[in-house]
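Q: Got a file for you: data_29.csv, CSV, C-alpha atoms and all ligand atoms.
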chain,number,residue,atom,x,y,z
A,278,MET,CA,106.0,-173.5,-111.8
A,279,THR,CA,105.2,-175.0,-108.4
A,280,VAL,CA,103.2,-173.1,-105.8
A,281,ASP,CA,103.1,-174.3,-102.2
A,282,ILE,CA,99.7,-172.8,-101.3
A,283,HIS,CA,99.8,-173.9,-97.6
A,284,THR,CA,102.7,-173.0,-95.3
A,285,HIS,CA,102.8,-171.8,-91.7
A,286,VAL,CA,105.4,-169.9,-89.7
A,287,PHE,CA,105.2,-169.4,-85.9
A,288,ARG,CA,107.2,-169.4,-82.7
A,289,PRO,CA,105.9,-172.2,-80.5
A,290,GLU,CA,107.5,-170.7,-77.4
A,291,THR,CA,105.6,-167.4,-77.7
A,292,ASP,CA,102.6,-168.1,-80.0
A,293,PHE,CA,101.1,-171.3,-78.5
A,294,GLY,CA,98.7,-171.1,-75.6
A,295,PRO,CA,98.2,-173.7,-72.9
A,296,ALA,CA,95.3,-175.5,-74.7
A,297,LEU,CA,97.4,-176.0,-77.8
A,298,ARG,CA,100.4,-177.2,-75.8
A,299,ALA,CA,98.2,-179.8,-74.1
A,300,ASP,CA,96.8,-181.0,-77.4
A,301,LEU,CA,100.3,-181.3,-78.9
A,302,ALA,CA,101.5,-183.2,-75.8
A,303,ARG,CA,98.5,-185.6,-75.9
A,304,CYS,CA,99.3,-186.4,-79.6
A,305,ARG,CA,103.1,-186.7,-78.8
A,306,VAL,CA,104.1,-183.8,-81.1
A,307,ASP,CA,107.1,-182.0,-79.9
A,308,PRO,CA,107.4,-178.5,-81.4
A,309,ALA,CA,111.2,-178.6,-80.7
A,310,ALA,CA,111.5,-181.2,-83.4
A,311,TRP,CA,110.7,-178.6,-86.0
A,312,GLY,CA,113.9,-176.7,-85.2
A,313,ASP,CA,113.9,-173.0,-86.2
A,314,VAL,CA,110.6,-172.9,-88.0
A,315,ALA,CA,111.2,-169.6,-89.8
A,316,GLU,CA,114.8,-170.4,-90.9
A,317,ASN,CA,113.8,-173.9,-92.1
A,318,HIS,CA,110.8,-172.4,-93.9
A,319,LEU,CA,113.0,-170.2,-96.0
A,320,VAL,CA,115.1,-173.2,-97.0
A,321,THR,CA,112.4,-175.8,-97.7
A,322,THR,CA,110.0,-173.5,-99.6
A,323,GLN,CA,112.8,-173.1,-102.2
A,324,SER,CA,111.7,-176.5,-103.5
A,325,ALA,CA,108.7,-174.6,-104.8
A,326,ASP,CA,108.8,-171.4,-106.9
A,327,ILE,CA,106.3,-169.5,-104.7
A,328,ALA,CA,104.9,-170.2,-101.3
A,329,VAL,CA,101.8,-168.8,-99.5
A,330,VAL,CA,102.5,-168.1,-95.8
A,331,PHE,CA,100.1,-167.6,-92.9
A,332,GLY,CA,99.9,-168.0,-89.1
A,333,LEU,CA,96.8,-168.9,-87.3
A,334,GLN,CA,94.5,-166.8,-85.0
A,335,ALA,CA,92.3,-169.0,-82.9
A,336,SER,CA,91.8,-168.0,-79.2
A,337,ALA,CA,89.5,-171.0,-78.6
A,338,THR,CA,92.3,-173.4,-79.2
A,339,GLY,CA,95.4,-171.5,-78.1
A,340,TRP,CA,96.8,-170.2,-81.4
A,341,ASN,CA,98.0,-166.6,-81.4
A,342,ILE,CA,100.5,-166.0,-84.2
A,343,PRO,CA,100.7,-162.3,-84.9
A,344,ASN,CA,100.0,-161.2,-88.5
A,345,ASP,CA,102.8,-158.7,-88.1
A,346,TYR,CA,105.3,-161.5,-87.4
A,347,VAL,CA,104.2,-163.4,-90.5
A,348,ALA,CA,104.2,-160.3,-92.7
A,349,ALA,CA,107.8,-159.5,-91.6
A,350,HIS,CA,108.8,-163.1,-92.4
A,351,VAL,CA,107.4,-162.8,-95.9
A,352,ALA,CA,109.4,-159.6,-96.4
A,353,ARG,CA,112.6,-161.7,-95.9
A,354,ALA,CA,112.0,-163.4,-99.3
A,355,PRO,CA,109.6,-161.0,-101.1
A,356,ASP,CA,110.2,-162.4,-104.6
A,357,ARG,CA,108.8,-165.8,-103.7
A,358,LEU,CA,106.5,-165.5,-100.6
A,359,LEU,CA,102.9,-164.3,-100.4
A,360,PHE,CA,101.2,-163.3,-97.1
A,361,PHE,CA,97.7,-164.4,-96.1
A,362,ALA,CA,96.1,-162.7,-93.1
A,363,ALA,CA,95.0,-165.2,-90.3
A,364,LEU,CA,91.8,-164.0,-88.7
A,365,ASP,CA,89.7,-165.1,-85.8
A,366,PRO,CA,86.0,-164.4,-86.3
A,367,ALA,CA,85.5,-164.8,-82.5
A,368,GLN,CA,87.6,-161.7,-81.9
A,369,PRO,CA,85.6,-158.4,-81.7
A,370,ASP,CA,87.8,-156.4,-84.1
A,371,CYS,CA,88.2,-159.2,-86.7
A,372,LEU,CA,87.2,-157.0,-89.6
A,373,GLY,CA,89.5,-154.2,-88.5
A,374,GLU,CA,92.4,-156.7,-88.4
A,375,LEU,CA,91.5,-157.8,-91.9
A,376,GLU,CA,91.5,-154.3,-93.2
A,377,ARG,CA,94.8,-153.6,-91.4
A,378,CYS,CA,96.4,-156.7,-92.8
A,379,HIS,CA,95.2,-155.9,-96.3
A,380,ARG,CA,96.0,-152.2,-96.4
A,381,ASP,CA,99.1,-152.0,-94.2
A,382,LEU,CA,100.7,-155.4,-94.2
A,383,GLY,CA,100.2,-156.5,-97.8
A,384,ALA,CA,97.9,-159.5,-97.3
A,385,VAL,CA,96.7,-160.9,-100.6
A,386,GLY,CA,94.4,-163.6,-99.1
A,387,VAL,CA,92.9,-164.8,-95.8
A,388,LYS,CA,93.3,-168.0,-93.7
A,389,LEU,CA,90.4,-169.2,-91.7
A,390,ALA,CA,90.0,-172.4,-89.6
A,391,PRO,CA,86.4,-172.8,-88.3
A,392,LEU,CA,87.3,-175.9,-86.3
A,393,TYR,CA,90.0,-174.0,-84.5
A,394,HIS,CA,87.9,-170.8,-84.0
A,395,ASN,CA,84.9,-172.9,-82.8
A,396,VAL,CA,82.9,-170.7,-85.2
A,397,HIS,CA,80.5,-172.1,-87.8
A,398,PRO,CA,81.7,-171.1,-91.3
A,399,ARG,CA,78.3,-169.6,-92.0
A,400,ASP,CA,78.2,-167.6,-88.8
A,401,PRO,CA,77.3,-163.9,-89.6
A,402,ARG,CA,80.7,-162.8,-88.4
A,403,CYS,CA,82.3,-165.0,-91.2
A,404,LEU,CA,79.9,-163.7,-93.8
A,405,GLU,CA,81.3,-160.1,-93.3
A,406,ILE,CA,84.7,-161.4,-94.0
A,407,TYR,CA,83.6,-163.1,-97.2
A,408,ARG,CA,82.0,-159.8,-98.4
A,409,TYR,CA,85.2,-157.9,-97.7
A,410,CYS,CA,87.2,-160.6,-99.6
A,411,ILE,CA,84.9,-160.5,-102.6
A,412,ARG,CA,85.1,-156.7,-102.7
A,413,HIS,CA,88.9,-156.8,-102.6
A,414,GLN,CA,89.4,-160.0,-104.6
A,415,LEU,CA,91.1,-161.8,-101.7
A,416,PRO,CA,90.9,-165.7,-101.8
A,417,VAL,CA,90.1,-167.5,-98.5
A,418,LEU,CA,92.0,-170.7,-97.6
A,419,PHE,CA,90.0,-172.7,-95.0
A,420,HIS,CA,91.2,-175.5,-92.8
A,421,VAL,CA,88.7,-178.2,-93.7
A,422,GLY,CA,88.5,-181.7,-92.1
A,423,THR,CA,89.8,-183.2,-88.9
A,424,SER,CA,92.7,-182.1,-86.7
A,425,PHE,CA,94.5,-183.1,-83.5
A,426,ILE,CA,93.0,-180.2,-81.5
A,427,SER,CA,90.2,-180.8,-79.0
A,428,GLY,CA,87.4,-178.9,-77.3
A,429,THR,CA,85.7,-177.6,-80.5
A,430,TYR,CA,83.0,-178.9,-82.8
A,431,LEU,CA,84.3,-181.1,-85.6
A,432,GLU,CA,81.0,-180.4,-87.4
A,433,TYR,CA,82.3,-176.9,-88.3
A,434,SER,CA,85.0,-178.5,-90.4
A,435,ARG,CA,82.7,-180.5,-92.7
A,436,PRO,CA,83.3,-179.8,-96.4
A,437,ILE,CA,79.5,-179.7,-97.1
A,438,HIS,CA,79.3,-176.2,-95.3
A,439,PHE,CA,81.5,-174.7,-98.0
A,440,ASP,CA,79.0,-175.8,-100.7
A,441,ALA,CA,76.4,-173.5,-99.1
A,442,ILE,CA,79.0,-170.7,-98.9
A,443,ALA,CA,79.8,-171.1,-102.6
A,444,VAL,CA,76.1,-171.0,-103.5
A,445,ASP,CA,75.6,-167.8,-101.5
A,446,PHE,CA,78.9,-166.2,-102.5
A,447,PRO,CA,79.7,-167.5,-106.0
A,448,ASP,CA,82.4,-164.9,-106.6
A,449,LEU,CA,84.4,-165.9,-103.5
A,450,ARG,CA,87.6,-167.8,-104.4
A,451,MET,CA,88.1,-170.6,-101.8
A,452,VAL,CA,90.6,-173.3,-101.1
A,453,LEU,CA,89.5,-176.2,-98.9
A,454,ALA,CA,92.7,-177.5,-97.3
A,455,HIS,CA,93.7,-181.1,-96.9
A,456,LEU,CA,91.0,-182.3,-99.3
A,457,GLY,CA,88.8,-182.1,-96.2
A,458,HIS,CA,90.3,-185.4,-94.8
A,459,PRO,CA,88.8,-187.8,-94.0
A,460,TRP,CA,85.8,-186.5,-96.0
A,461,GLU,CA,87.7,-186.3,-99.3
A,462,GLY,CA,84.7,-187.6,-101.2
A,463,GLU,CA,82.5,-184.8,-99.8
A,464,THR,CA,85.2,-182.3,-100.7
A,465,ILE,CA,85.3,-183.6,-104.3
A,466,ALA,CA,81.5,-183.3,-104.5
A,467,VAL,CA,81.9,-179.6,-103.5
A,468,ILE,CA,84.8,-178.5,-105.6
A,469,ARG,CA,83.3,-180.2,-108.7
A,470,ARG,CA,80.2,-178.0,-108.5
A,471,HIS,CA,81.7,-174.5,-108.1
A,472,PRO,CA,84.1,-172.8,-110.5
A,473,HIS,CA,85.9,-170.8,-107.8
A,474,VAL,CA,86.2,-173.5,-105.2
A,475,TYR,CA,89.5,-175.5,-105.0
A,476,ALA,CA,91.1,-177.9,-102.6
A,477,ASP,CA,94.7,-178.4,-101.6
A,478,LEU,CA,96.4,-181.8,-100.9
A,479,SER,CA,98.6,-180.6,-98.0
A,480,ALA,CA,99.5,-183.0,-95.2
A,481,LEU,CA,98.0,-186.1,-96.9
A,482,TYR,CA,100.9,-188.0,-98.5
A,483,TYR,CA,102.0,-189.6,-95.3
A,484,ARG,CA,98.7,-191.6,-95.0
A,485,PRO,CA,99.5,-193.5,-98.1
A,486,TRP,CA,96.3,-195.6,-98.5
A,487,GLN,CA,93.9,-192.8,-97.8
A,488,PHE,CA,95.9,-190.5,-100.2
A,489,TYR,CA,96.0,-193.0,-103.0
A,490,HIS,CA,92.3,-193.6,-102.6
A,491,SER,CA,91.4,-189.9,-102.6
A,492,MET,CA,93.5,-189.3,-105.7
A,493,ARG,CA,91.8,-192.1,-107.5
A,494,LEU,CA,88.4,-190.6,-106.5
A,495,LEU,CA,89.6,-187.2,-107.9
A,496,VAL,CA,90.6,-188.8,-111.2
A,497,GLU,CA,87.3,-190.8,-111.5
A,498,TYR,CA,85.3,-187.7,-110.9
A,499,ARG,CA,87.6,-185.8,-113.3
A,500,THR,CA,88.2,-183.1,-110.7
A,501,GLU,CA,92.0,-183.2,-110.3
A,502,HIS,CA,92.2,-179.8,-112.2
A,503,LYS,CA,90.6,-178.2,-109.1
A,504,VAL,CA,93.4,-179.4,-106.7
A,505,LEU,CA,96.4,-177.3,-105.7
A,506,PHE,CA,99.7,-178.4,-104.3
A,507,GLY,CA,100.4,-177.5,-100.6
A,508,SER,CA,102.6,-178.9,-97.9
A,509,ASP,CA,101.3,-177.6,-94.5
A,510,TYR,CA,104.9,-176.8,-93.4
A,511,PRO,CA,106.2,-177.3,-90.6
A,512,PHE,CA,104.0,-180.4,-90.1
A,513,THR,CA,105.8,-181.7,-93.1
A,514,THR,CA,108.1,-179.9,-95.6
A,515,THR,CA,107.7,-178.6,-99.1
A,516,ALA,CA,110.5,-180.9,-100.3
A,517,ASP,CA,109.1,-184.0,-98.6
A,518,SER,CA,105.6,-183.3,-99.8
A,519,ILE,CA,106.7,-183.0,-103.5
A,520,ARG,CA,108.5,-186.3,-103.1
A,521,GLY,CA,105.6,-187.9,-101.3
A,522,VAL,CA,103.1,-186.8,-103.9
A,523,ARG,CA,105.2,-188.2,-106.7
A,524,GLN,CA,105.5,-191.6,-105.0
A,525,LEU,CA,101.8,-192.0,-104.2
A,526,ASN,CA,101.4,-195.1,-106.4
A,527,ALA,CA,104.0,-197.0,-104.4
A,528,VAL,CA,101.3,-198.2,-102.0
A,529,ILE,CA,99.5,-200.3,-104.6
A,530,GLY,CA,102.6,-202.5,-105.3
A,531,ASN,CA,101.7,-205.3,-107.7
A,532,SER,CA,98.2,-205.5,-106.4
A,533,GLY,CA,96.6,-204.8,-109.8
A,534,LEU,CA,94.9,-201.7,-108.5
A,535,PRO,CA,94.9,-198.9,-111.1
A,536,PRO,CA,97.6,-196.2,-110.6
A,537,VAL,CA,96.9,-192.5,-110.4
A,538,PRO,CA,98.1,-191.3,-113.8
A,539,SER,CA,101.3,-189.3,-113.7
A,540,GLU,CA,99.7,-186.5,-115.8
A,541,ALA,CA,97.3,-186.0,-112.9
A,542,ILE,CA,100.1,-185.9,-110.3
A,543,GLU,CA,102.4,-183.6,-112.3
A,544,GLY,CA,99.4,-181.4,-113.3
A,545,ILE,CA,98.7,-180.7,-109.6
A,546,LEU,CA,102.4,-180.0,-108.9
A,547,ALA,CA,102.6,-177.6,-111.8
A,548,ARG,CA,99.2,-175.9,-111.3
A,549,ASP,CA,99.2,-172.1,-111.6
A,550,ALA,CA,97.4,-171.4,-108.3
A,551,LEU,CA,98.2,-167.7,-108.7
A,552,ARG,CA,96.1,-167.4,-111.9
A,553,LEU,CA,93.3,-169.6,-110.6
A,554,LEU,CA,93.0,-167.6,-107.3
A,555,GLY,CA,93.6,-164.2,-108.8
A,556,LEU,CA,96.8,-163.7,-106.8
A,557,PRO,CA,99.6,-161.4,-107.8
A,558,HIS,CA,103.1,-162.7,-108.4
A,559,PRO,CA,105.2,-161.7,-105.3
A,560,SER,CA,107.7,-159.8,-107.4
A,561,SER,CA,105.0,-157.5,-108.6
A,562,LEU,CA,104.2,-156.3,-105.1
A,563,PRO,CA,105.6,-153.2,-103.4
A,564,ARG,CA,108.6,-154.0,-101.1
A,565,ARG,CA,107.9,-153.8,-97.3
A,566,PRO,CA,110.4,-153.7,-94.5
A,567,SER,CA,111.2,-157.1,-92.9
A,601,ZN,ZN,97.8,-175.9,-92.1
Using the file provided, produce a representation of the structure as structure tokens.
Ligand SMILES: [Zn+2]
A:
Amino acid sequence: MTVDIHTHVFRPETDFGPALRADLARCRVDPAAWGDVAENHLVTTQSADIAVVFGLQASATGWNIPNDYVAAHVARAPDRLLFFAALDPAQPDCLGELERCHRDLGAVGVKLAPLYHNVHPRDPRCLEIYRYCIRHQLPVLFHVGTSFISGTYLEYSRPIHFDAIAVDFPDLRMVLAHLGHPWEGETIAVIRRHPHVYADLSALYYRPWQFYHSMRLLVEYRTEHKVLFGSDYPFTTTADSIRGVRQLNAVIGNSGLPPVPSEAIEGILARDALRLLGLPHPSSLPRRPS
């Protein structure tokens, strides 16, 4: 079974604010190139068995993807999609939104992105979210590492902060996205220490040297069992990510550098993220109107 633990849906024309549009333009990313994000999501995620889907709520950087929209999208393929609530700790009723998403919209996890919220992951407002998630057994997937966005503190995205959260909240199941790039070594140091802290390797394969190097580090620290597969659709696709991960040794050519063992690669692609994170199988959840 392959689980894509990291996919987004949104409508750039309505869900992106001016700050985000400016950042995308500066980095020469044209949202129109993604085509119909929702329709293409339904197609490419079929390359996995199950996909976790979320939006992003971050007023500081111009992201406003309604949780209702994402939940309705998930209801279009309820046998294979799982909904995570996107929260913005900077918003006054963040906890109310969490409760609403959990109770009324069927959220089975939470997505946070401290760099995008411009809120430190150990801010008291975040700690309330963690307490709720522990009480209700909801895992939290964090954006960790750098990003193209501007105007917020990169410091908030350092993997080391999640070490302190894991010490203070040992029962919280966490996923540190993107192996915390370019601080993959720091992420490995964190996930190795804590039984309930995982990483995903989404959006990494297209930087082939960095990805190869990170995967070798994982193997040398014997930590690959703490890594989950993810794509970061629509920034890439599920299908391209699976292909890219399988081809990661191509970068070493005949250099004599050691390959990443295929068991490590296939182990990540087949990892049962549902069991590790305590997530239900989508087909076991009550049906909701799309
Ligand atoms: Zn993402």
Q: Which one is closest to ligand ZN 601 (chain A): A:Ala299, A:Cys304, A:Leu392, A:Ile327? Count only C-alpha atoms and all ligand atoms.
A: A:Leu392
Q: Can you write out as CSV which residues of chain A fall within 8 Å of ligand ZN 601 (chain A), alongside each residue's closest atom pair and its distance in Å to one decimal, counting only C-alpha atoms and all ligand atoms and ordering rows by chain and ascending residue number?
A:
residue,atom,partner,partner_atom,distance
A:His283,CA,A:ZN601,ZN,6.2
A:Thr284,CA,A:ZN601,ZN,6.5
A:His285,CA,A:ZN601,ZN,6.5
A:His420,CA,A:ZN601,ZN,6.6
A:Ala454,CA,A:ZN601,ZN,7.5
A:Ser479,CA,A:ZN601,ZN,7.6
A:Ala480,CA,A:ZN601,ZN,7.9
A:Asp509,CA,A:ZN601,ZN,4.6
A:Tyr510,CA,A:ZN601,ZN,7.3
A:Phe512,CA,A:ZN601,ZN,7.9
Q: So how far away is CA of His379 in chain A from CA of Gly555 in chain A, in Å?
A: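 So the two atoms, CA of Gly555 in chain A and CA of His379 in chain A, lie 15.1 Å apart.
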Q: Excluding range 351-356 of chain A and any residue of its chain fewer than 6 positions from it, enumerate the residues within 12 Å of it, using only C-alpha atoms, and give them as number ranges by chain.
A: A: 284-286, 315-316, 318-320, 322-323, 326-332, 344-345, 362, 382-385, 557-567
Q: Write to file, as a CSV table (one decimal), in the frame of the given file, the residues of the selection just made, with C-alpha atoms.
A:
chain,number,residue,atom,x,y,z
A,284,THR,CA,102.7,-173.0,-95.3
A,285,HIS,CA,102.8,-171.8,-91.7
A,286,VAL,CA,105.4,-169.9,-89.7
A,315,ALA,CA,111.2,-169.6,-89.8
A,316,GLU,CA,114.8,-170.4,-90.9
A,318,HIS,CA,110.8,-172.4,-93.9
A,319,LEU,CA,113.0,-170.2,-96.0
A,320,VAL,CA,115.1,-173.2,-97.0
A,322,THR,CA,110.0,-173.5,-99.6
A,323,GLN,CA,112.8,-173.1,-102.2
A,326,ASP,CA,108.8,-171.4,-106.9
A,327,ILE,CA,106.3,-169.5,-104.7
A,328,ALA,CA,104.9,-170.2,-101.3
A,329,VAL,CA,101.8,-168.8,-99.5
A,330,VAL,CA,102.5,-168.1,-95.8
A,331,PHE,CA,100.1,-167.6,-92.9
A,332,GLY,CA,99.9,-168.0,-89.1
A,344,ASN,CA,100.0,-161.2,-88.5
A,345,ASP,CA,102.8,-158.7,-88.1
A,362,ALA,CA,96.1,-162.7,-93.1
A,382,LEU,CA,100.7,-155.4,-94.2
A,383,GLY,CA,100.2,-156.5,-97.8
A,384,ALA,CA,97.9,-159.5,-97.3
A,385,VAL,CA,96.7,-160.9,-100.6
A,557,PRO,CA,99.6,-161.4,-107.8
A,558,HIS,CA,103.1,-162.7,-108.4
A,559,PRO,CA,105.2,-161.7,-105.3
A,560,SER,CA,107.7,-159.8,-107.4
A,561,SER,CA,105.0,-157.5,-108.6
A,562,LEU,CA,104.2,-156.3,-105.1
A,563,PRO,CA,105.6,-153.2,-103.4
A,564,ARG,CA,108.6,-154.0,-101.1
A,565,ARG,CA,107.9,-153.8,-97.3
A,566,PRO,CA,110.4,-153.7,-94.5
A,567,SER,CA,111.2,-157.1,-92.9
Q: State, in Å with one decimal place, the distance from CA of Gly457 in chain A to CA of Pro369 in chain A.
A: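 Interatomic distance here is 28.0 Å.
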Q: Pick out the closest residue to Ala337 in chain A from this set: A:Gly294, A:Pro436, A:Gly533, A:Gly462. Count only C-alpha atoms.
A: A:Gly294
Q: What does the distance from CA of Gly521 in chain A to CA of Glu543 in chain A come to in Å, to one decimal?
A: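 Computing it gives 12.2 Å between the two atoms.
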Q: If we count all atoms listed in the file and set the cut-off at 10 Å, which residues sit around Arg288 in chain A, ignoring sequence neighbours fewer than 6 positions away in its own chain? Please answer as a VMD selection string.
A: chain A and resid 308 313 to 315 332 341 to 343 346
Q: At a cut-off of 12 Å, using only C-alpha atoms, what residues contact Phe446 in chain A? Leave out same-chain residues fewer than 2 positions from it and give the result as a compact mmCIF listing (two decimals) with C-alpha atoms, keeping the file's coordinate frame.
A:
# COMPACT_ATOMS: atom_id res chain seq x y z
CA ARG A 399 78.30 -169.60 -92.00
CA CYS A 403 82.30 -165.00 -91.20
CA LEU A 404 79.90 -163.70 -93.80
CA GLU A 405 81.30 -160.10 -93.30
CA ILE A 406 84.70 -161.40 -94.00
CA TYR A 407 83.60 -163.10 -97.20
CA ARG A 408 82.00 -159.80 -98.40
CA TYR A 409 85.20 -157.90 -97.70
CA CYS A 410 87.20 -160.60 -99.60
CA ILE A 411 84.90 -160.50 -102.60
CA ARG A 412 85.10 -156.70 -102.70
CA VAL A 417 90.10 -167.50 -98.50
CA PHE A 439 81.50 -174.70 -98.00
CA ASP A 440 79.00 -175.80 -100.70
CA ALA A 441 76.40 -173.50 -99.10
CA ILE A 442 79.00 -170.70 -98.90
CA ALA A 443 79.80 -171.10 -102.60
CA VAL A 444 76.10 -171.00 -103.50
CA ASP A 448 82.40 -164.90 -106.60
CA LEU A 449 84.40 -165.90 -103.50
CA ARG A 450 87.60 -167.80 -104.40
CA MET A 451 88.10 -170.60 -101.80
CA HIS A 471 81.70 -174.50 -108.10
CA PRO A 472 84.10 -172.80 -110.50
CA HIS A 473 85.90 -170.80 -107.80
CA VAL A 474 86.20 -173.50 -105.20
Q: Closest to Asp517 in chain A among A:Ala325, A:Trp340, A:Ala302, A:Ser539, using only C-alpha atoms?
A: A:Ala325
Q: Calculated over all atoms listed in the file, which of the candidates A:His502, A:Pro295, A:Ser508, A:Val522 has the smallest distance to Gly544 in chain A?
A: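 Closest to Gly544 in chain A, using all atoms listed in the file: A:His502.
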Q: When distances are computed from all atoms listed in the file, which of A:Pro536, A:Pro511, A:Glu376, A:Leu364 shows the smallest separation from Val306 in chain A?
A: A:Pro511
Q: Extract, using only C-alpha atoms, all DNA, RNA and protein residues at most 10 Å from Ala527 in chain A, discarding same-chain residues fewer than 3 positions from it, and format them as a VMD selection string.
A: chain A and resid 485 to 486 489 521 523 to 524 530 to 531 536
Q: Is there a way to get, as a PyMOL selection string, all residues within 9 Å of the point (88.1, -179.3, -91.8) in file coordinates, counting all atoms listed in the file?
A: chain A and resi 390-392+419-424+431-436+453-460
Q: Neighbouring residues of Ala550 in chain A were defined as those with any atom within 10 Å, considering only C-alpha atoms; residues of the same chain fewer than 5 positions away were excluded. Please report them as a list in words.
A: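 Listed by chain and then number, they are Met278, Thr279, Val280, Asp281, Ile282, Ile327, Tyr475, Lys503, Val504, Leu505, Phe506, Ile545, Gly555 and Leu556 of chain A.
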